[in-house]
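Below: protein22.pdb (PDB, C-alpha atoms and all ligand atoms)
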MODEL        1
ATOM      1  CA  MET A 955      -7.127   4.256   2.018
ATOM      2  CA  ARG A 956      -3.410   4.275   2.691
ATOM      3  CA  ARG A 957      -3.984   3.690   6.351
ATOM      4  CA  LEU A 958      -6.128   0.682   5.545
ATOM      5  CA  ALA A 959      -3.414  -0.784   3.343
ATOM      6  CA  LEU A 960      -0.850  -0.274   6.092
ATOM      7  CA  ALA A 961      -3.109  -1.928   8.662
ATOM      8  CA  ALA A 962      -3.611  -4.857   6.311
ATOM      9  CA  LEU A 963       0.137  -5.183   5.821
ATOM     10  CA  VAL A 964       0.821  -5.122   9.562
ATOM     11  CA  ALA A 965      -1.908  -7.721  10.152
ATOM     12  CA  CYS A 966      -0.451  -9.897   7.423
ATOM     13  CA  VAL A 967       3.079  -9.783   8.846
ATOM     14  CA  PHE A 968       1.728 -10.499  12.307
ATOM     15  CA  VAL A 969      -0.260 -13.546  11.149
ATOM     16  CA  THR A 970       2.779 -14.879   9.293
ATOM     17  CA  LEU A 971       5.017 -14.476  12.342
ATOM     18  CA  VAL A 972       2.504 -16.167  14.640
ATOM     19  CA  GLY A 973       2.216 -18.971  12.087
ATOM     20  CA  LEU A 974       5.980 -19.478  12.040
ATOM     21  CA  VAL A 975       6.180 -19.570  15.829
ATOM     22  CA  LEU A 976       3.291 -22.038  16.053
ATOM     23  CA  ALA A 977       4.715 -24.308  13.382
ATOM     24  CA  ARG A 978       7.997 -24.665  15.305
ATOM     25  CA  ARG A 979       7.845 -26.325  18.629
ATOM     26  CA  ALA A 980      10.938 -26.943  20.704
ATOM     27  CA  CYS A 981      10.642 -29.697  23.289
ATOM     28  CA  TYR A 982      12.968 -30.651  26.113
ATOM     29  CA  PHE A 983      14.136 -33.870  27.697
ATOM     30  CA  SER A 984      14.844 -33.010  31.305
ATOM     31  CA  GLN A 985      16.227 -35.291  33.976
ATOM     32  CA  GLU A 986      14.802 -36.307  37.325
ATOM     33  CA  PRO A 987      15.469 -38.981  39.938
ATOM     34  CA  ASP A 988      14.368 -42.457  38.900
ATOM     35  CA  ALA A 989      11.622 -43.460  41.324
ATOM     36  CA  SER A 990      12.482 -47.144  40.925
ATOM     37  CA  GLN A 991      16.228 -46.810  41.609
ATOM     38  CA  SER A 992      17.520 -44.322  44.144
ATOM     39  CA  GLY A 993      20.476 -42.159  43.207
ATOM     40  CA  ARG A 994      19.825 -42.586  39.501
ATOM     41  CA  LEU A 995      18.554 -39.997  37.061
ATOM     42  CA  ARG A 996      16.329 -40.686  34.102
ATOM     43  CA  TRP A 997      15.263 -38.582  31.143
ATOM     44  CA  VAL A 998      11.699 -37.402  31.019
ATOM     45  CA  MET A 999       9.467 -35.494  28.615
ATOM     46  CA  PRO A1000       6.079 -34.347  29.923
ATOM     47  CA  GLY A1001       2.846 -34.094  27.945
ATOM     48  CA  SER A1002       0.781 -36.514  25.907
ATOM     49  CA  LYS A1003       1.932 -38.516  22.926
ATOM     50  CA  LYS A1004       0.170 -36.004  20.705
ATOM     51  CA  ASP A1005       2.201 -33.188  22.301
ATOM     52  CA  ARG A1006       5.462 -35.077  21.788
ATOM     53  CA  CYS A1007       4.603 -35.857  18.198
ATOM     54  CA  ALA A1008       4.099 -32.136  17.564
ATOM     55  CA  CYS A1009       7.733 -31.382  18.527
ATOM     56  CA  THR A1010       9.907 -30.078  15.719
ATOM     57  CA  SER A1011      13.138 -30.067  17.767
ATOM     58  CA  ILE A1012      14.297 -31.663  21.001
ATOM     59  CA  ARG A1013      16.922 -30.161  23.303
ATOM     60  CA  PRO A1014      18.352 -31.025  26.699
ATOM     61  CA  GLY A1015      16.339 -29.468  29.514
ATOM     62  CA  PRO A1016      17.020 -28.848  33.201
ATOM     63  CA  VAL A1017      17.959 -31.430  35.807
ATOM     64  CA  ASN A1018      15.275 -31.627  38.490
ATOM     65  CA  MET A1019      16.641 -32.762  41.832
ATOM     66  CA  GLN A1020      13.205 -33.945  42.905
ATOM     67  CA  ALA A1021      10.731 -36.002  40.892
ATOM     68  CA  VAL A1022       8.069 -33.734  39.437
ATOM     69  CA  ARG A1023       4.394 -34.593  39.756
ATOM     70  CA  TRP A1024       3.211 -34.514  36.161
ATOM     71  CA  SER A1025      -0.475 -34.026  35.510
ATOM     72  CA  HIS A1026      -0.283 -36.361  32.499
ATOM     73  CA  PRO A1027       1.829 -39.557  32.442
ATOM     74  CA  PRO A1028       5.132 -38.399  30.883
ATOM     75  CA  PHE A1029       7.532 -40.275  28.651
ATOM     76  CA  TYR A1030      10.590 -41.756  30.419
ATOM     77  CA  THR A1031      13.710 -43.079  28.740
ATOM     78  CA  ASP A1032      17.396 -43.808  29.195
ATOM     79  CA  THR A1033      18.107 -43.132  25.532
ATOM     80  CA  PRO A1034      16.813 -39.659  24.638
ATOM     81  CA  ILE A1035      17.360 -38.029  21.273
ATOM     82  CA  PHE A1036      18.321 -34.442  20.563
ATOM     83  CA  THR A1037      17.506 -33.357  17.052
ATOM     84  CA  ASN A1038      16.004 -30.689  14.828
ATOM     85  CA  ASP A1039      14.529 -33.230  12.437
ATOM     86  CA  PRO A1040      10.749 -33.726  12.853
ATOM     87  CA  GLU A1041      10.948 -37.003  10.898
ATOM     88  CA  ASP A1042      13.405 -38.444  13.448
ATOM     89  CA  ILE A1043      11.108 -37.279  16.223
ATOM     90  CA  HIS A1044       8.148 -39.004  14.576
ATOM     91  CA  ASP A1045      10.098 -42.240  14.309
ATOM     92  CA  TYR A1046      11.416 -41.994  17.848
ATOM     93  CA  PHE A1047       7.978 -41.539  19.437
ATOM     94  CA  ASN A1048       6.278 -43.878  16.980
ATOM     95  CA  CYS A1049       3.870 -41.165  15.848
ATOM     96  CA  HIS A1050       2.794 -42.731  12.619
ATOM     97  CA  ASP A1051      -0.289 -44.356  14.127
ATOM     98  CA  ILE A1052      -1.710 -41.022  15.240
ATOM     99  CA  LEU A1053      -4.612 -40.000  13.081
ATOM    100  CA  GLU A1054      -5.669 -36.405  13.112
ATOM    101  CA  CYS A1055      -7.877 -34.102  11.109
ATOM    102  CA  SER A1056      -6.534 -30.621  10.573
ATOM    103  CA  GLU A1057     -10.165 -29.605  10.429
ATOM    104  CA  VAL A1058     -13.021 -31.717  11.781
ATOM    105  CA  ARG A1059     -16.066 -31.517   9.514
ATOM    106  CA  PRO A1060     -19.455 -33.184   9.102
ATOM    107  CA  LEU A1061     -19.029 -36.184   6.805
ATOM    108  CA  GLY A1062     -22.361 -35.901   5.023
ATOM    109  CA  MET A1063     -25.409 -37.212   6.909
ATOM    110  CA  GLU A1064     -27.070 -33.813   7.052
ATOM    111  CA  ASP A1065     -26.137 -32.549   3.590
ATOM    112  CA  GLY A1066     -26.750 -35.850   1.798
ATOM    113  CA  ARG A1067     -23.201 -36.648   0.656
ATOM    114  CA  ILE A1068     -23.797 -39.930   2.457
ATOM    115  CA  ARG A1069     -26.344 -41.588   0.146
ATOM    116  CA  ASN A1070     -29.601 -43.131   1.358
ATOM    117  CA  ALA A1071     -28.378 -46.568   0.355
ATOM    118  CA  SER A1072     -25.295 -46.182   2.569
ATOM    119  CA  ILE A1073     -27.379 -45.915   5.744
ATOM    120  CA  THR A1074     -28.667 -49.203   7.158
ATOM    121  CA  VAL A1075     -30.350 -50.275  10.390
ATOM    122  CA  SER A1076     -30.998 -53.386  12.450
ATOM    123  CA  SER A1077     -34.746 -52.701  12.323
ATOM    124  CA  MET A1078     -37.313 -49.943  11.907
ATOM    125  CA  TRP A1079     -40.701 -49.254  13.399
ATOM    126  CA  ASN A1080     -43.345 -51.415  11.697
ATOM    127  CA  ASP A1081     -40.909 -51.679   8.777
ATOM    128  CA  TRP A1082     -42.262 -48.383   7.479
ATOM    129  CA  ALA A1083     -39.844 -46.358   5.436
ATOM    130  CA  ASN A1084     -41.314 -43.370   7.288
ATOM    131  CA  PHE A1085     -39.250 -44.502  10.284
ATOM    132  CA  GLY A1086     -36.320 -45.853   8.328
ATOM    133  CA  PRO A1087     -32.607 -45.174   8.111
ATOM    134  CA  THR A1088     -32.862 -42.126   5.835
ATOM    135  CA  ARG A1089     -34.805 -40.379   8.590
ATOM    136  CA  ALA A1090     -31.648 -40.358  10.693
ATOM    137  CA  ARG A1091     -30.085 -37.325   9.029
ATOM    138  CA  LEU A1092     -29.122 -34.619  11.518
ATOM    139  CA  ASN A1093     -31.639 -31.740  11.635
ATOM    140  CA  LEU A1094     -34.087 -33.582   9.364
ATOM    141  CA  GLU A1095     -37.570 -32.093   9.470
ATOM    142  CA  THR A1096     -40.626 -33.743   7.981
ATOM    143  CA  LYS A1097     -44.337 -33.209   7.477
ATOM    144  CA  SER A1098     -45.158 -36.903   7.430
ATOM    145  CA  GLY A1099     -43.705 -39.804   9.327
ATOM    146  CA  SER A1100     -40.871 -39.497  11.750
ATOM    147  CA  ALA A1101     -38.063 -36.942  12.017
ATOM    148  CA  ALA A1102     -35.684 -39.663  13.208
ATOM    149  CA  TRP A1103     -34.898 -43.290  12.604
ATOM    150  CA  CYS A1104     -36.967 -45.383  15.042
ATOM    151  CA  ASP A1105     -36.186 -49.031  15.725
ATOM    152  CA  ALA A1106     -38.759 -51.842  15.856
ATOM    153  CA  GLY A1107     -39.174 -51.421  19.602
ATOM    154  CA  SER A1108     -39.134 -54.306  22.043
ATOM    155  CA  SER A1109     -38.549 -56.895  19.303
ATOM    156  CA  ASP A1110     -35.116 -55.400  18.657
ATOM    157  CA  ALA A1111     -33.081 -55.530  21.841
ATOM    158  CA  ASN A1112     -29.841 -54.588  20.133
ATOM    159  CA  SER A1113     -30.709 -51.785  17.752
ATOM    160  CA  TRP A1114     -28.085 -50.165  15.619
ATOM    161  CA  ILE A1115     -27.738 -47.810  12.711
ATOM    162  CA  GLN A1116     -24.696 -47.725  10.479
ATOM    163  CA  VAL A1117     -23.218 -45.727   7.634
ATOM    164  CA  GLU A1118     -20.793 -46.630   4.932
ATOM    165  CA  LEU A1119     -18.437 -43.699   4.474
ATOM    166  CA  GLY A1120     -16.238 -44.951   1.667
ATOM    167  CA  SER A1121     -12.488 -45.210   1.894
ATOM    168  CA  ASN A1122      -9.919 -42.930   3.499
ATOM    169  CA  VAL A1123     -12.158 -41.459   6.145
ATOM    170  CA  ILE A1124     -10.875 -40.500   9.569
ATOM    171  CA  ILE A1125     -13.670 -40.468  12.119
ATOM    172  CA  THR A1126     -13.313 -38.315  15.214
ATOM    173  CA  GLY A1127     -16.840 -38.301  16.667
ATOM    174  CA  VAL A1128     -20.584 -38.009  16.145
ATOM    175  CA  ILE A1129     -23.355 -35.525  16.784
ATOM    176  CA  THR A1130     -26.577 -37.148  17.978
ATOM    177  CA  GLN A1131     -30.081 -35.725  18.183
ATOM    178  CA  GLY A1132     -33.516 -36.996  19.204
ATOM    179  CA  ARG A1133     -36.734 -37.363  17.221
ATOM    180  CA  GLY A1134     -37.794 -33.944  16.019
ATOM    181  CA  ASP A1135     -41.437 -34.267  15.025
ATOM    182  CA  TYR A1136     -43.073 -35.978  17.972
ATOM    183  CA  ASN A1137     -44.815 -33.545  20.219
ATOM    184  CA  TYR A1138     -46.583 -35.338  23.008
ATOM    185  CA  GLY A1139     -44.719 -33.884  25.938
ATOM    186  CA  ASN A1140     -43.329 -36.666  28.020
ATOM    187  CA  LEU A1141     -43.688 -39.135  25.163
ATOM    188  CA  ASP A1142     -40.892 -37.463  23.194
ATOM    189  CA  ARG A1143     -38.091 -39.829  22.389
ATOM    190  CA  TRP A1144     -34.359 -40.069  21.933
ATOM    191  CA  VAL A1145     -31.355 -42.302  22.651
ATOM    192  CA  THR A1146     -29.819 -41.600  26.050
ATOM    193  CA  GLU A1147     -26.794 -43.898  25.799
ATOM    194  CA  PHE A1148     -24.970 -45.618  22.967
ATOM    195  CA  LYS A1149     -21.925 -47.601  21.934
ATOM    196  CA  VAL A1150     -19.943 -47.196  18.748
ATOM    197  CA  ALA A1151     -18.113 -49.705  16.561
ATOM    198  CA  PHE A1152     -16.252 -49.414  13.291
ATOM    199  CA  SER A1153     -15.265 -51.757  10.512
ATOM    200  CA  ASP A1154     -13.455 -51.937   7.194
ATOM    201  CA  ASP A1155     -15.675 -54.626   5.692
ATOM    202  CA  GLY A1156     -18.977 -54.422   7.598
ATOM    203  CA  VAL A1157     -18.331 -57.888   9.027
ATOM    204  CA  ASP A1158     -15.572 -57.595  11.619
ATOM    205  CA  TRP A1159     -16.228 -54.778  14.055
ATOM    206  CA  THR A1160     -14.011 -53.011  16.554
ATOM    207  CA  ASP A1161     -15.592 -51.362  19.562
ATOM    208  CA  VAL A1162     -14.723 -47.797  20.436
ATOM    209  CA  THR A1163     -13.328 -47.982  23.962
ATOM    210  CA  ASN A1164     -13.046 -45.297  26.600
ATOM    211  CA  ASP A1165      -9.317 -44.831  26.052
ATOM    212  CA  GLY A1166      -9.163 -45.440  22.314
ATOM    213  CA  SER A1167      -7.389 -48.795  22.676
ATOM    214  CA  ARG A1168      -7.892 -51.126  19.747
ATOM    215  CA  SER A1169      -7.515 -54.623  21.079
ATOM    216  CA  PRO A1170      -9.961 -55.837  23.666
ATOM    217  CA  MET A1171      -8.472 -58.635  25.691
ATOM    218  CA  LYS A1172      -9.642 -62.040  24.516
ATOM    219  CA  ILE A1173      -8.664 -65.328  26.065
ATOM    220  CA  GLY A1174      -8.533 -68.369  23.845
ATOM    221  CA  LEU A1175      -6.915 -71.730  23.034
ATOM    222  CA  LEU A1176      -7.810 -73.742  26.103
ATOM    223  CA  GLY A1177     -11.537 -73.820  25.545
ATOM    224  CA  THR A1178     -13.044 -70.397  26.158
ATOM    225  CA  GLU A1179     -13.926 -70.118  22.496
ATOM    226  CA  ASP A1180     -15.513 -73.494  21.871
ATOM    227  CA  GLY A1181     -17.238 -73.639  25.239
ATOM    228  CA  ARG A1182     -15.251 -76.469  26.832
ATOM    229  CA  ILE A1183     -14.608 -74.036  29.657
ATOM    230  CA  PRO A1184     -18.117 -73.182  30.907
ATOM    231  CA  ASP A1185     -19.081 -69.506  31.243
ATOM    232  CA  ALA A1186     -19.325 -69.775  35.004
ATOM    233  CA  SER A1187     -15.634 -70.702  35.185
ATOM    234  CA  ILE A1188     -14.507 -67.452  33.610
ATOM    235  CA  THR A1189     -14.246 -64.562  36.047
ATOM    236  CA  ALA A1190     -12.650 -61.157  36.003
ATOM    237  CA  SER A1191     -11.889 -58.421  38.498
ATOM    238  CA  SER A1192     -14.101 -56.039  36.548
ATOM    239  CA  PHE A1193     -15.722 -55.578  33.171
ATOM    240  CA  TRP A1194     -17.425 -52.855  31.270
ATOM    241  CA  ASP A1195     -21.100 -53.760  31.248
ATOM    242  CA  LYS A1196     -23.669 -56.352  32.044
ATOM    243  CA  ASN A1197     -23.599 -57.771  28.524
ATOM    244  CA  LEU A1198     -19.984 -58.776  29.142
ATOM    245  CA  ASN A1199     -19.038 -56.495  26.303
ATOM    246  CA  TYR A1200     -16.149 -55.215  28.332
ATOM    247  CA  ALA A1201     -14.464 -53.250  25.611
ATOM    248  CA  ALA A1202     -17.154 -50.956  24.281
ATOM    249  CA  HIS A1203     -17.571 -47.638  25.974
ATOM    250  CA  LYS A1204     -21.078 -46.340  26.610
ATOM    251  CA  PHE A1205     -21.333 -42.729  25.589
ATOM    252  CA  PRO A1206     -23.990 -40.457  27.074
ATOM    253  CA  GLY A1207     -26.600 -39.514  24.480
ATOM    254  CA  ASN A1208     -29.433 -37.021  24.274
ATOM    255  CA  SER A1209     -31.882 -35.664  26.795
ATOM    256  CA  ASP A1210     -34.331 -33.865  24.519
ATOM    257  CA  LYS A1211     -35.680 -33.813  20.958
ATOM    258  CA  ASN A1212     -33.493 -31.359  19.139
ATOM    259  CA  THR A1213     -30.366 -30.373  21.048
ATOM    260  CA  HIS A1214     -27.164 -31.586  19.396
ATOM    261  CA  VAL A1215     -24.913 -33.670  21.617
ATOM    262  CA  THR A1216     -21.378 -33.857  20.236
ATOM    263  CA  THR A1217     -19.345 -36.890  21.240
ATOM    264  CA  THR A1218     -15.638 -36.844  20.472
ATOM    265  CA  PHE A1219     -14.066 -40.293  20.528
ATOM    266  CA  PRO A1220     -10.960 -40.725  22.705
ATOM    267  CA  LYS A1221      -8.907 -41.479  19.614
ATOM    268  CA  ALA A1222      -9.653 -40.865  15.945
ATOM    269  CA  PHE A1223      -9.768 -43.944  13.709
ATOM    270  CA  GLN A1224      -9.881 -44.762  10.036
ATOM    271  CA  ALA A1225     -12.768 -46.955   8.908
ATOM    272  CA  ARG A1226     -15.244 -47.503   6.092
ATOM    273  CA  PHE A1227     -18.230 -48.292   8.285
ATOM    274  CA  LEU A1228     -19.432 -46.694  11.485
ATOM    275  CA  ARG A1229     -22.145 -48.255  13.619
ATOM    276  CA  ILE A1230     -24.006 -46.637  16.517
ATOM    277  CA  LEU A1231     -25.568 -49.172  18.893
ATOM    278  CA  SER A1232     -28.187 -47.779  21.214
ATOM    279  CA  THR A1233     -28.092 -49.156  24.741
ATOM    280  CA  GLN A1234     -30.692 -46.931  26.469
ATOM    281  CA  TRP A1235     -33.370 -44.556  25.323
ATOM    282  CA  SER A1236     -36.326 -42.467  26.390
ATOM    283  CA  ILE A1237     -39.657 -44.107  25.338
ATOM    284  CA  TYR A1238     -38.312 -45.511  22.051
ATOM    285  CA  CYS A1239     -34.953 -45.729  20.357
ATOM    286  CA  SER A1240     -35.100 -42.762  17.965
ATOM    287  CA  MET A1241     -32.102 -40.936  16.564
ATOM    288  CA  ARG A1242     -30.771 -38.449  14.069
ATOM    289  CA  PHE A1243     -27.018 -38.029  13.772
ATOM    290  CA  GLU A1244     -23.999 -36.722  11.901
ATOM    291  CA  VAL A1245     -20.535 -38.282  11.620
ATOM    292  CA  LEU A1246     -17.540 -36.002  12.259
ATOM    293  CA  GLY A1247     -14.047 -36.290  10.847
ATOM    294  CA  CYS A1248     -12.233 -35.707   7.592
ATOM    295  CA  ARG A1249     -10.928 -37.400   4.475
ATOM    296  CA  SER A1250      -7.479 -38.709   5.381
ATOM    297  CA  HIS A1251      -5.658 -36.487   2.886
ATOM    298  CA  GLU A1252      -7.235 -33.357   4.381
TER     299      GLU A1252
HETATM  300  C1  LIG A1301     -33.583 -40.429   0.337
HETATM  301  O1  LIG A1301     -34.622 -40.722   1.255
HETATM  302  C2  LIG A1301     -35.562 -39.684   1.449
HETATM  303  C3  LIG A1301     -36.620 -40.175   2.396
HETATM  304  O2  LIG A1301     -36.191 -40.234   3.684
HETATM  305  C4  LIG A1301     -36.214 -39.274   0.152
HETATM  306  O3  LIG A1301     -37.039 -38.162   0.367
HETATM  307  C5  LIG A1301     -35.148 -38.933  -0.884
HETATM  308  O4  LIG A1301     -35.757 -38.706  -2.116
HETATM  309  C6  LIG A1301     -34.166 -40.083  -1.024
HETATM  310  N1  LIG A1301     -33.118 -39.696  -1.915
HETATM  311  C7  LIG A1301     -32.795 -40.419  -2.986
HETATM  312  C8  LIG A1301     -31.719 -39.849  -3.832
HETATM  313  O5  LIG A1301     -33.337 -41.472  -3.256
ENDMDL
END
Turn the structure described in the file into structure tokens.
Amino acid sequence: MRRLALAALVACVFVTLVGLVLARRACYFSQEPDASQSGRLRWVMPGSKKDRCACTSIRPGPVNMQAVRWSHPPFYTDTPIFTNDPEDIHDYFNCHDILECSEVRPLGMEDGRIRNASITVSSMWNDWANFGPTRARLNLETKSGSAAWCDAGSSDANSWIQVELGSNVIITGVITQGRGDYNYGNLDRWVTEFKVAFSDDGVDWTDVTNDGSRSPMKIGLLGTEDGRIPDASITASSFWDKNLNYAAHKFPGNSDKNTHVTTTFPKAFQARFLRILSTQWSIYCSMRFEVLGCRSHE
């Protein structure tokens, strides 16, 4: 008994110490030659923005006589800061727009916290509720009708399903799944590729891009909007897909009926509505899914 208590105490002290070490993170601004101006040094901090924003103190680091090849684009500056104040560090690196969940959780498709009325679709097969939006809950099983939402088929070229999640939700990704009940071998169905958009009002939508950027480039003023400049006169070096929807990333979807495919978005975002737009599917557009993230105060 005593031994057990001692072991528990040691474990407890250990966990506390590890916690303290993890919570403190010293970072370093080192110096290296400025590639754009020979003979000049510049300050550099490696890592991603997320790494830098996790710093709790910043100290001067070594001087590298040769430019280092960083695996991730580092942060360069001529005006570094050295501080032990995490708030100053947050301000310096402009960290306030970084959204993170301390724990990513399902937001309620599977367990029903997302109400039936909060799930809507562009169309459903034959307009039967048996194929409707409430069938899209992850892991749903059924004895009648479909174990997935199924769109109207060829009459709906741009199918989507959306959920209203309420306020203060940070969304980090989705889990998608195919149609569970159908059992006709090669006639089984699922969505193989999809896009994602989010919105605060259900009217204006922002596409999820491959790098998490928020503002797709739009050209205006001189007539691209009202059509005075004809489509054929607008060209670009490259764009994202054949629908000229150059901002939205196409995420790979499912390849069977039941396996979960988890998609983590490049950057978490806060939104009231999430919409999944299917772009390719096997046989028919059929999907079950879960939304991943957290409430923003979590
Ligand atoms: C939600 O929809 C399902 C059908 O897909 C139904 O069985 C269930 O009763 C509905 N829940 C509520 C609260 O209406």
Minimum-distance residue to Thr1033 (chain A), chosen among A:Leu995, A:Gly1120, A:Ala1008, A:Val1145 (using all atoms listed in the file):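 With all atoms listed in the file as the atom set, the closest residue is A:Leu995.
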Reference answer for the PyMOL selection byres (((chain A and resi 1010) around 12) and not hetatm), as a list in words: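 Going through the file, the PyMOL selection byres (((chain A and resi 1010) around 12) and not hetatm) ends up selecting Leu974, Val975, Leu976, Ala977, Arg978, Arg979, Ala980, Cys981, Tyr982, Asp1005, Arg1006, Cys1007, Ala1008, Cys1009, Ser1011, Ile1012, Arg1013, Phe1036, Thr1037, Asn1038, Asp1039, Pro1040, Glu1041, Asp1042, Ile1043 and His1044 of chain A.
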Picked residues, the PyMOL selection byres (((not hetatm)) within 10 of (chain A and resi 1301)), as an MDAnalysis selection string: chainID A and resid 1066 1069:1071 1073 1083:1091 1094 1096 1099:1103
Between CA of Thr1218 (chain A) and CA of Ile1129 (chain A), distance in Å (one decimal):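 So the answer is 8.7 Å.
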Polymer residues at most 12 Å from Ile1237 (chain A), all atoms listed in the file, same-chain spacing of 5 or more positions, as a list in words: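 After dropping sequence-adjacent residues, the list is Cys1104, Asp1105, Gly1107, Ser1108, Gly1132, Arg1133, Tyr1136, Tyr1138, Gly1139, Asn1140, Leu1141, Asp1142, Arg1143, Trp1144, Val1145, Thr1146, Ser1209, Asp1210 and Lys1211 of chain A.
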Atom pair CA of Pro1060 (chain A) / CA of Asn1164 (chain A): separation (Å): 22.2 Å
Residue contacts of Gly1207 (chain A) (12 Å, all atoms listed in the file) excluding same-chain residues fewer than 6 positions away, as an NGL selection string: :A and (1128-1132 or 1143-1150 or 1213-1218 or 1230-1236 or 1239-1243)
Pick from A:Ser984, A:Asn1093, A:Asp1158, A:Val1017 nearest to Asp1135 (chain A), counting only C-alpha atoms: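 Of all the options, A:Asn1093 lies closest to Asp1135 (chain A).
CA of Lys1204 (chain A) to CA of Ile1052 (chain A) spans 23.1 Å [interatomic distance, one decimal].
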For Ala1151 (chain A), the nearest of the candidates A:Met999, A:Ala989, A:Ile1068, A:Ala1225, counting only C-alpha atoms: A:Ala1225
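Residue nearest Ile1115 (chain A) within the list A:Phe1227, A:Tyr1046, A:Trp1024, A:Trp1159: A:Phe1227 [criterion: smallest interatomic distance, all atoms listed in the file].
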Around all the atoms of region 1143-1152 of chain A listed in the file, draw an axis-aligned box and extend it by 5 Å on each of the six sides; I want its centre and edge lengths in Å to one decimal, as JSON.
{"center_x": -27.2, "center_y": -44.8, "center_z": 19.7, "size_x": 31.8, "size_y": 19.9, "size_z": 22.8}
Selected residue, from A:Tyr1238, A:Phe1205, A:Phe1029, A:Trp1082, that lies nearest to Asp1110 (chain A) when counting all atoms listed in the file: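 Using all atoms listed in the file, Asp1110 (chain A) sits closest to A:Tyr1238.
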